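Have a look at the structure below before the remarks.
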Amino acid sequence: MSLLEIRDLEVQFPTRRGLFVAVAGVTLTVEPGQILGVVGESGAGKSTIGNAVIGLLEPPGQIGGGQVRLDGRRIDDLPDAEKRRIRGRRIGMIFQDPLTSLDPLQTIESQLVETIQIHLGLDLAAARSRAVDLLRQVGIPEPELRVKQYPHQFSGGMRQRVVIALALCAEPEVVIADEPTTALDVSIQAQILDLLRRLCRERSVGMIIITHDMGVIAEVTDRVAVMYRGRVVEEGPTAKILGDPDHAYTRALIGAVPRPDVRLHRFPYVDYIEGLAGKPRATLSLREHWLGRSRDFGQAPGRDGGPLLEIEGLGIRFPMNNAWLPRNRRYLDAVQDVAFSIGEGETFGLVGESGSGKSTIARLITGLYRPSTGRIRFAGTEVSALTRDRDLNPFRRQIQMIFQDPFSSLNPRLRVMDIVAEPIRFHRLAGSRREVETVVRDLLEHVGLGARAAEKFPHEFSGGQRQRICIARALATRPRFLVCDEPTSALDVSIQAQILNLLKDLQDELRLTMLFISHDLPVIRQMCDRVGVMRHGRLLEIAATEDLFERPQHPYTRELLSLMPRFDGLSREGLQVEDSGDAASPSARDLG
Amino acid sequence: MISFVLQRVLQSVLVILAVALIAFSLFRYVGDPINAMVGQDTTLQQREELKERLGLNDPFVVQYGRFVANAAQGEFGISYRHRRPVSELLAERLPATLELSIVSMVLALALGIPMGVYTALRRDGALAKSFMTMSLVGVSLPTFLIGILLILVFGVILRWLPTFGRGEVVDLGWWSTGLLTRSGLAALIMPAITLALFQMTLIMRLVRAEMLEVLRADFIKFCRARGLPSRLVNFRHALRNTLVPVITITGLQLGSIIAFSIITESVFQWPGMGLLFIQAIGTVDIPVMAAYLCLIALFFVLINLIVDLLYFAVDPRLRVRRGRA
């Protein structure tokens with residue numbers, strides 16, 4: 001008899017258009033002390049399983065069939081009051097975003113004590129000392145002091161530890177962790193995963209880790225179930241599934257994960273999802289296209305071999321508080337003394353953890369921020385010295401940006417046609433209305449959306465499709481230089497592969513120069529020619545990509561590389577992990 | 001924290017000074033104050049003398065400074081119409097307005113918050129839906145119409161409640177209250193409801209919207225996943241987070257209730273400051289208008305200051321951010 005047994009589970013969501021089955025025929029078992037991974041892409045139904053087990057499906061969702069058994073006893077058909085007593089007491093849950101998982105208005109102590117008292121019926125003093133104990137167990141230093149603090153006084157990683165303490169405070173037998181490290185930096189991710197694994201072993205807790213990240217699966221799980229469209233396509237020991245998958249989807253999914261060890265020219269497609277298997281992909285022939293033809297290279301001094309973008313001594317400081325007396329003013333140096341240059345047609349990568357100043361550099365280059373010190377030279381002109389719109393507009397046209405979150409970077413009230421056409425109209429790049437529309441349709445065709453997408457609104461598209469719209473918009477001004485700020489970190493791996501391939505194709509065709517910002521080392525390796533490593537606003541090391549990955553110079557680079565989750569059997573043991581990241585000031589990470 | 005309060009107090013003083021400037025210009029330049037004071041048969045020379053004696057020939061800044069200095073001591077001159085010091089008139093009327101405003105605000109909060117919470121928790125319940133429909137009426141009907149309807153039904157047809165005035169008041173020396181007598185309370189009911197109705201529906205809708213937002217938050221889901229009973233989840237966690245923005249709106253609304261009780265006071269002939277102000281406008285009683293302006297500005301500024309301080313009490317995030325700075 002297993003600790004937790006899910007048998008033939010089916011979850012349905014009645015909608016106006018009929019019954020939507022989110023999860024069907026799922027059978028999973030969890031043993032004490034064992035970690036089961038559930039992996040799949042967004043919309044596969046992973047989280048729905050977790051919610052169904054603890055009885056917290058969002059209405060109108062309901063369990064349509066099957067059983068959930070805890071210690072042999074059926075729990076899915078219990079009345080609500082009894083389900084509540086199981087939640088927290090016997091099954092704990094950990095959510096993705098530690099920044100929003102805690103009540104901001106209550107101290108850590110009051111949240112812990114409340115939960116402890118509800119489940120264990122201890123008196124206040126006992127509950128308090130237990131709260132301190134729990135914080136110590138999850139590795140929070142000075143628990144007696146920190147227990148009195150509010151959630152916002154903790155960094156992201158520390159908050160996730162608090163969340164774990166809360167989930168564990170009534171000694172549950174099963175813990176379901178839904179994307180527990182997705183919102184965290186790689187060094188903190190490693191610490192949290194270590195903690196979860198340790199707690200699981202020490203307390204013989206059965207654990208389900210739901211994630212989209214193959215690296216996490218490889219790091220901590222004993223068994224893994226791969227989900228695709230509400231069904232488990234394959235389940236078994238982790239080593240077997242990752243090393244020798246049987247199912248085509250599993251193989252495709254693993255293939256799409258950017259490899260940290262070898263650089264490939266293109267990412268393999270997850271054909272299984274796309275349904276493109278066998279169909280030849282239309283190749284882009286942009287050479288004859290207006291995008292490639294009519295760009296104004298003429299004035300560019302960058303052509304004679306000099307770098308297109310040069311940055312010297314770049315720095316920016318933000319005031320932290322405004323005091324009347326200058327000596328009381330405090331500043332945050334988000335970027336300090338950064339210098340690099342990017343040659344025409346090159347892809348330069350910037351890598352670092354959140355708060356390291358990567359995105360701030362992107363904003364400085366695109367002119368969204370003005371530098372406090374230093375110079376930015378584009379094609380020989382010092383852009384950072386220009387102030388008038390009239391002087392700046394030609395550069396704004398040549399430098400375009402793709403943002404991280406495709407959901408918030410498109411105006412929801414405009415049709416895709418207007419979104420993509422806006423920069424063309426603003427910079428007066430087309431003679432007539434008809435020409436604008438032709439260009440937009442061409443662009444949408446080239447990014448793989450089809451011309452008919454122009455009539456739709458952004459909400460009708462998925463995340464990956466929206467990012468394609470963003471790329472089309474960025475290309476609309478015939479830019480020479482593209483700044484990509486974490487362009488795929490909000491996307492699934494299969495979609496990520498498509499977007500990265502698209503960027504590569506476009507770059508080859510258009511000889512675009514790119515600044516590619518990411519926290520994801522494997523992605524950097526696949527995309528970039530040279531890489532700069534950033535930490536706390538400073539550039540620590542610049543190297544050719546292969547050199548950086550094979551022979552890292554700076555100790556921090558080595559540390560980052562060692563923390564990179566891998567699923568190729570290489571373990572990160574033997575490499576010293578410096579306890580960092582968490583120590584960074586919380587205000588610094590807000591800027592990430 | 002202290003520097004923040006000081007900063008806020010300084011800003012408040014600036015606002016008050018600006019309003020005083022407007023009030024002063026009103027006093028000095030709308031019409032001729034001499035004309036308002038003397039009769040037809042005063043000679044030109046006497047007028048000049050009076051002008052000199054009142055200091056109206058002094059430079060603008062000096063006059064303004066004098067006005068502010070007097071105002072700070074509660075000295076706004078003599079009402080043209082009542083021939084009594086304005087400060088005395090206002091002090092007489094102030095308790096009536098404050099009692100009415102505070103009773104209606106308490107009424108609005110006491111009904112609005114629970115109704116808002118209820119409609120958020122039982123979104124599809126029949127009662128919640130009827131609350132929402134009623135609130136639409138409350139928001140869209142103008143205040144004076146509600147007052148007149150109430151008078152018609154309860155004053156004229158049913159004859160349950162008095163239709164005007166404040167009833168019997170008890171004088172406590174510096175404060176006259178209608179809350180201690182039967183007729184005073186009876187007289188308060190209809191004006192208070194009239195004034196509260198709009199605020200109540202506003203608060204209810206605000207609480208509902210905020211609460212629905214908070215209930216979708218991750219930490220509420222995490223509370224449920226920890227097995228906390230829904231009573232605790234809804235009231236200890238969700239409601240407290242809901243009330244943070246409600247405090248601001250409530251504070252601003254209290255200010256506008258005090259300032260704009262004019263309409264309700266006119267409808268019910270409530271002997272408050274609003275009525276005094278409306279009458280002052282009718283008779284171009286400039287000193288009263290100027291004093292009323294300054295006083296209302298003072299109320300607004302004070303309430304805003306209190307709201308800012310309440311924020312500190314409610315939201316620990318602000319406390320720490322300032323504390324660290």
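Just remember, in the structure tokens the first chain shown is A, the second B, etc., residues are 1-based per chain, and ligands are 1-based in the order shown.
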Dump as an mmCIF file with N, CA, C and O atoms, in the first residue's frame the residues of chain B that approach chain A to within 6 Å, counting only C-alpha atoms.
data_model
loop_
_atom_site.group_PDB
_atom_site.id
_atom_site.type_symbol
_atom_site.label_atom_id
_atom_site.label_comp_id
_atom_site.auth_asym_id
_atom_site.auth_seq_id
_atom_site.Cartn_x
_atom_site.Cartn_y
_atom_site.Cartn_z
ATOM 1 N N ASP B 218 -2.237 34.723 -4.248
ATOM 2 C CA ASP B 218 -1.574 33.458 -3.943
ATOM 3 C C ASP B 218 -1.591 33.152 -2.462
ATOM 4 O O ASP B 218 -1.738 31.997 -2.063
ATOM 5 N N PHE B 219 -1.414 34.182 -1.634
ATOM 6 C CA PHE B 219 -1.293 33.853 -0.215
ATOM 7 C C PHE B 219 -2.605 33.361 0.373
ATOM 8 O O PHE B 219 -2.603 32.590 1.322
ATOM 9 N N ALA B 225 -4.550 26.046 1.453
ATOM 10 C CA ALA B 225 -3.786 24.810 1.321
ATOM 11 C C ALA B 225 -3.176 24.384 2.649
ATOM 12 O O ALA B 225 -2.826 23.234 2.831
ATOM 13 N N ARG B 226 -3.039 25.330 3.579
ATOM 14 C CA ARG B 226 -2.541 24.959 4.904
ATOM 15 C C ARG B 226 -3.662 24.474 5.791
ATOM 16 O O ARG B 226 -3.447 24.168 6.950
ATOM 17 N N GLY B 227 -4.895 24.487 5.261
ATOM 18 C CA GLY B 227 -6.017 23.969 6.030
ATOM 19 C C GLY B 227 -6.589 24.952 7.025
ATOM 20 O O GLY B 227 -7.250 24.552 7.977
ATOM 21 N N ASP B 315 0.030 48.924 7.455
ATOM 22 C CA ASP B 315 0.893 48.218 6.502
ATOM 23 C C ASP B 315 2.350 48.212 6.959
ATOM 24 O O ASP B 315 3.025 49.231 6.894
#
Report task. Fewer than 4 positions away in the same chain doesn't count, so skip those; otherwise give me all residues within 9 Å of Ile524 of chain A, counting only C-alpha atoms, as a ChimeraX atom specification. Result -> /A:260,349-351,516-520,528-529,531,545
- Task: Return as a count of residues only the full set of residues in segment 1-230 of chain B whose backbone-based DSSP assignment is alpha helix (DSSP H).
- Result: 158
Checklist entry - Skipping near chain neighbours, those fewer than 3 positions away, what residues fall within 8 Å of segment 87-97 of chain B using only C-alpha atoms, listed as a list of chain:residue names? => result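 So, after excluding close chain neighbours, the residues are B:Gly74, B:Glu75, B:Phe76, B:Gly77, B:Arg84, B:Leu100, B:Ser101, B:Arg166, B:Trp175, B:Ser176, B:Thr177, B:Gly178, B:Ile258, B:Ser261, B:Trp270, B:Pro271, B:Gly272, B:Met273, B:Gly274, B:Leu276, B:Ala291, B:Tyr292.
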Shell of 12 Å around Phe20 of chain A, only C-alpha atoms, local chain residues under 3 positions omitted, as a JSON list (two decimals) with all heavy atoms, in the first residue's frame:
[["chain", "number", "residue", "atom", "x", "y", "z"],
["A", 10, "GLU", "N", -9.60, 11.80, -13.07],
["A", 10, "GLU", "CA", -10.06, 12.63, -14.16],
["A", 10, "GLU", "C", -10.60, 13.95, -13.58],
["A", 10, "GLU", "O", -11.38, 13.94, -12.65],
["A", 10, "GLU", "CB", -11.15, 11.93, -14.95],
["A", 10, "GLU", "CG", -11.66, 12.80, -16.08],
["A", 10, "GLU", "CD", -12.62, 12.06, -17.03],
["A", 10, "GLU", "OE1", -12.40, 10.86, -17.28],
["A", 10, "GLU", "OE2", -13.57, 12.70, -17.50],
["A", 11, "VAL", "N", -10.14, 15.06, -14.10],
["A", 11, "VAL", "CA", -10.62, 16.36, -13.63],
["A", 11, "VAL", "C", -11.27, 17.08, -14.80],
["A", 11, "VAL", "O", -10.70, 17.15, -15.89],
["A", 11, "VAL", "CB", -9.47, 17.23, -13.07],
["A", 11, "VAL", "CG1", -9.99, 18.58, -12.60],
["A", 11, "VAL", "CG2", -8.77, 16.51, -11.94],
["A", 12, "GLN", "N", -12.50, 17.59, -14.52],
["A", 12, "GLN", "CA", -13.23, 18.23, -15.60],
["A", 12, "GLN", "C", -13.54, 19.68, -15.24],
["A", 12, "GLN", "O", -13.71, 20.01, -14.07],
["A", 12, "GLN", "CB", -14.58, 17.54, -15.83],
["A", 12, "GLN", "CG", -14.52, 16.05, -15.80],
["A", 12, "GLN", "CD", -15.90, 15.47, -15.58],
["A", 12, "GLN", "OE1", -16.74, 16.05, -14.91],
["A", 12, "GLN", "NE2", -16.11, 14.30, -16.17],
["A", 13, "PHE", "N", -13.60, 20.50, -16.25],
["A", 13, "PHE", "CA", -14.05, 21.88, -16.07],
["A", 13, "PHE", "C", -15.24, 22.09, -17.01],
["A", 13, "PHE", "O", -15.05, 22.19, -18.21],
["A", 13, "PHE", "CB", -12.94, 22.87, -16.42],
["A", 13, "PHE", "CG", -11.86, 22.96, -15.40],
["A", 13, "PHE", "CD1", -10.82, 22.03, -15.38],
["A", 13, "PHE", "CD2", -11.89, 23.95, -14.43],
["A", 13, "PHE", "CE1", -9.82, 22.10, -14.43],
["A", 13, "PHE", "CE2", -10.88, 24.02, -13.48],
["A", 13, "PHE", "CZ", -9.86, 23.10, -13.48],
["A", 14, "PRO", "N", -16.45, 22.15, -16.45],
["A", 14, "PRO", "CA", -17.60, 22.43, -17.33],
["A", 14, "PRO", "C", -17.49, 23.86, -17.85],
["A", 14, "PRO", "O", -17.27, 24.79, -17.08],
["A", 14, "PRO", "CB", -18.81, 22.31, -16.40],
["A", 14, "PRO", "CG", -18.30, 21.72, -15.13],
["A", 14, "PRO", "CD", -16.85, 22.03, -15.06],
["A", 15, "THR", "N", -17.59, 24.04, -19.14],
["A", 15, "THR", "CA", -17.55, 25.38, -19.73],
["A", 15, "THR", "C", -18.77, 25.54, -20.61],
["A", 15, "THR", "O", -19.54, 24.60, -20.82],
["A", 15, "THR", "CB", -16.30, 25.59, -20.60],
["A", 15, "THR", "OG1", -16.41, 24.74, -21.74],
["A", 15, "THR", "CG2", -15.03, 25.30, -19.85],
["A", 16, "ARG", "N", -18.93, 26.72, -21.13],
["A", 16, "ARG", "CA", -20.09, 26.98, -21.98],
["A", 16, "ARG", "C", -20.03, 26.12, -23.24],
["A", 16, "ARG", "O", -21.04, 25.75, -23.80],
["A", 16, "ARG", "CB", -20.11, 28.46, -22.36],
["A", 16, "ARG", "CG", -21.45, 29.09, -22.12],
["A", 16, "ARG", "CD", -21.36, 30.58, -22.30],
["A", 16, "ARG", "NE", -21.00, 31.24, -21.06],
["A", 16, "ARG", "CZ", -20.80, 32.55, -20.96],
["A", 16, "ARG", "NH1", -20.93, 33.31, -22.00],
["A", 16, "ARG", "NH2", -20.47, 33.11, -19.82],
["A", 17, "ARG", "N", -18.82, 25.82, -23.66],
["A", 17, "ARG", "CA", -18.68, 25.04, -24.89],
["A", 17, "ARG", "C", -18.60, 23.55, -24.61],
["A", 17, "ARG", "O", -18.10, 22.79, -25.41],
["A", 17, "ARG", "CB", -17.45, 25.48, -25.66],
["A", 17, "ARG", "CG", -17.61, 26.82, -26.30],
["A", 17, "ARG", "CD", -16.39, 27.16, -27.10],
["A", 17, "ARG", "NE", -16.10, 28.59, -27.00],
["A", 17, "ARG", "CZ", -14.88, 29.11, -27.08],
["A", 17, "ARG", "NH1", -13.86, 28.32, -27.24],
["A", 17, "ARG", "NH2", -14.70, 30.39, -26.99],
["A", 23, "VAL", "N", -7.50, 16.74, -16.94],
["A", 23, "VAL", "CA", -6.66, 15.63, -16.56],
["A", 23, "VAL", "C", -7.47, 14.36, -16.77],
["A", 23, "VAL", "O", -8.64, 14.30, -16.39],
["A", 23, "VAL", "CB", -6.24, 15.75, -15.07],
["A", 23, "VAL", "CG1", -5.60, 14.46, -14.60],
["A", 23, "VAL", "CG2", -5.30, 16.92, -14.88],
["A", 24, "ALA", "N", -6.88, 13.35, -17.39],
["A", 24, "ALA", "CA", -7.65, 12.14, -17.64],
["A", 24, "ALA", "C", -6.78, 10.92, -17.39],
["A", 24, "ALA", "O", -5.63, 10.86, -17.82],
["A", 24, "ALA", "CB", -8.18, 12.12, -19.07],
["A", 45, "GLY", "N", -1.72, 20.09, -17.40],
["A", 45, "GLY", "CA", -2.55, 19.59, -16.31],
["A", 45, "GLY", "C", -1.76, 19.21, -15.07],
["A", 45, "GLY", "O", -2.31, 18.58, -14.16],
["A", 60, "PRO", "N", -15.23, 26.19, -11.73],
["A", 60, "PRO", "CA", -16.13, 25.06, -11.57],
["A", 60, "PRO", "C", -15.44, 23.70, -11.70],
["A", 60, "PRO", "O", -16.13, 22.71, -11.96],
["A", 60, "PRO", "CB", -17.10, 25.29, -12.71],
["A", 60, "PRO", "CG", -16.25, 25.89, -13.79],
["A", 60, "PRO", "CD", -15.18, 26.68, -13.11],
["A", 61, "GLY", "N", -14.14, 23.61, -11.54],
["A", 61, "GLY", "CA", -13.44, 22.35, -11.73],
["A", 61, "GLY", "C", -13.94, 21.28, -10.76],
["A", 61, "GLY", "O", -14.27, 21.58, -9.61],
["A", 62, "GLN", "N", -13.98, 20.05, -11.22],
["A", 62, "GLN", "CA", -14.44, 18.98, -10.33],
["A", 62, "GLN", "C", -13.76, 17.67, -10.72],
["A", 62, "GLN", "O", -13.30, 17.51, -11.85],
["A", 62, "GLN", "CB", -15.95, 18.83, -10.43],
["A", 62, "GLN", "CG", -16.38, 18.48, -11.84],
["A", 62, "GLN", "CD", -17.87, 18.69, -12.04],
["A", 62, "GLN", "OE1", -18.46, 19.61, -11.47],
["A", 62, "GLN", "NE2", -18.48, 17.84, -12.84],
["A", 63, "ILE", "N", -13.71, 16.75, -9.75],
["A", 63, "ILE", "CA", -13.15, 15.44, -10.04],
["A", 63, "ILE", "C", -14.22, 14.62, -10.72],
["A", 63, "ILE", "O", -15.31, 14.43, -10.18],
["A", 63, "ILE", "CB", -12.66, 14.77, -8.74],
["A", 63, "ILE", "CG1", -11.49, 15.57, -8.17],
["A", 63, "ILE", "CG2", -12.27, 13.33, -9.02],
["A", 63, "ILE", "CD1", -10.90, 15.00, -6.91],
["A", 64, "GLY", "N", -13.94, 14.20, -11.95],
["A", 64, "GLY", "CA", -14.95, 13.51, -12.72],
["A", 64, "GLY", "C", -14.89, 12.00, -12.55],
["A", 64, "GLY", "O", -15.84, 11.28, -12.83],
["A", 229, "ARG", "N", -0.87, 17.06, -22.40],
["A", 229, "ARG", "CA", -2.30, 17.29, -22.61],
["A", 229, "ARG", "C", -3.18, 16.47, -21.68],
["A", 229, "ARG", "O", -4.06, 15.75, -22.10],
["A", 229, "ARG", "CB", -2.67, 17.00, -24.06],
["A", 229, "ARG", "CG", -1.95, 17.96, -24.98],
["A", 229, "ARG", "CD", -2.71, 18.21, -26.25],
["A", 229, "ARG", "NE", -1.99, 19.23, -27.02],
["A", 229, "ARG", "CZ", -2.04, 19.33, -28.33],
["A", 229, "ARG", "NH1", -2.77, 18.50, -29.02],
["A", 229, "ARG", "NH2", -1.37, 20.27, -28.95],
["A", 230, "GLY", "N", -2.90, 16.59, -20.38],
["A", 230, "GLY", "CA", -3.78, 15.99, -19.39],
["A", 230, "GLY", "C", -3.56, 14.51, -19.15],
["A", 230, "GLY", "O", -4.27, 13.91, -18.33]]
If you count only C-alpha atoms, which residues fall within 12 Å of Leu212 of chain B, apart from same-chain ones fewer than 4 positions away, as a list of chain:residue names?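 Result of the neighbour search: B:Gly116, B:Val117, B:Tyr118, B:Thr119, B:Ala120, B:Leu121, B:Arg122, B:Arg123, B:Arg205, B:Leu206, B:Val207, B:Arg208, B:Arg216, B:Ala217, B:Ile220, B:Asn234, B:Ala238, B:Leu239, B:Asn241, B:Thr242.
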Neighbouring residues of Arg161 of chain A were defined as those with any atom within 9 Å, considering only C-alpha atoms; residues of the same chain fewer than 6 positions away were excluded. Please report them as a short mmCIF file (atom, residue, chain, number, x, y, z; two decimals) with C-alpha atoms, in the first residue's frame.
data_model
loop_
_atom_site.label_atom_id
_atom_site.label_comp_id
_atom_site.auth_asym_id
_atom_site.auth_seq_id
_atom_site.Cartn_x
_atom_site.Cartn_y
_atom_site.Cartn_z
CA PRO A 98 7.40 32.98 -2.64
CA LEU A 135 12.62 28.20 10.83
CA VAL A 138 14.63 25.13 7.00
CA GLY A 139 17.92 26.99 7.38
CA ILE A 140 16.94 30.52 8.34
CA ILE A 192 15.96 25.10 -1.97
CA LEU A 195 16.53 21.56 1.45
#
Quiz item: Mind pulling up the distance from atom CA of Met227 of chain A to atom CA of Asp405 of chain A?
Solution: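 Between these atoms lies a distance of 24.8 Å.
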One decimal place gives the atom CA of Leu149 of chain B-atom CA of Met190 of chain B separation as 10.2 Å
Q.
What's the separation between atom CA of Thr250 of chain B and atom CA of Leu318 of chain B, in Å to one decimal place?
A.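 Interatomic distance here is 19.3 Å.
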task = Run DSSP on the backbone and grab whatever in segment 118-266 of chain B lands in strand (DSSP E or B); send it over as a list of chain:residue names.
result = B:Val170, B:Asp171, B:Ser176, B:Thr177
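Comparing A:Ala362, A:Ile176, A:Ile49, A:Val383 by their smallest distance to Val232 of chain A, the closest is A:Ile49 (using only C-alpha atoms).
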_I want to know what sits within 9 Å of Ile303 of chain B, based on only C-alpha atoms, with residues of the same chain fewer than 6 positions away left out; could you give that as a count of residues only?_
4
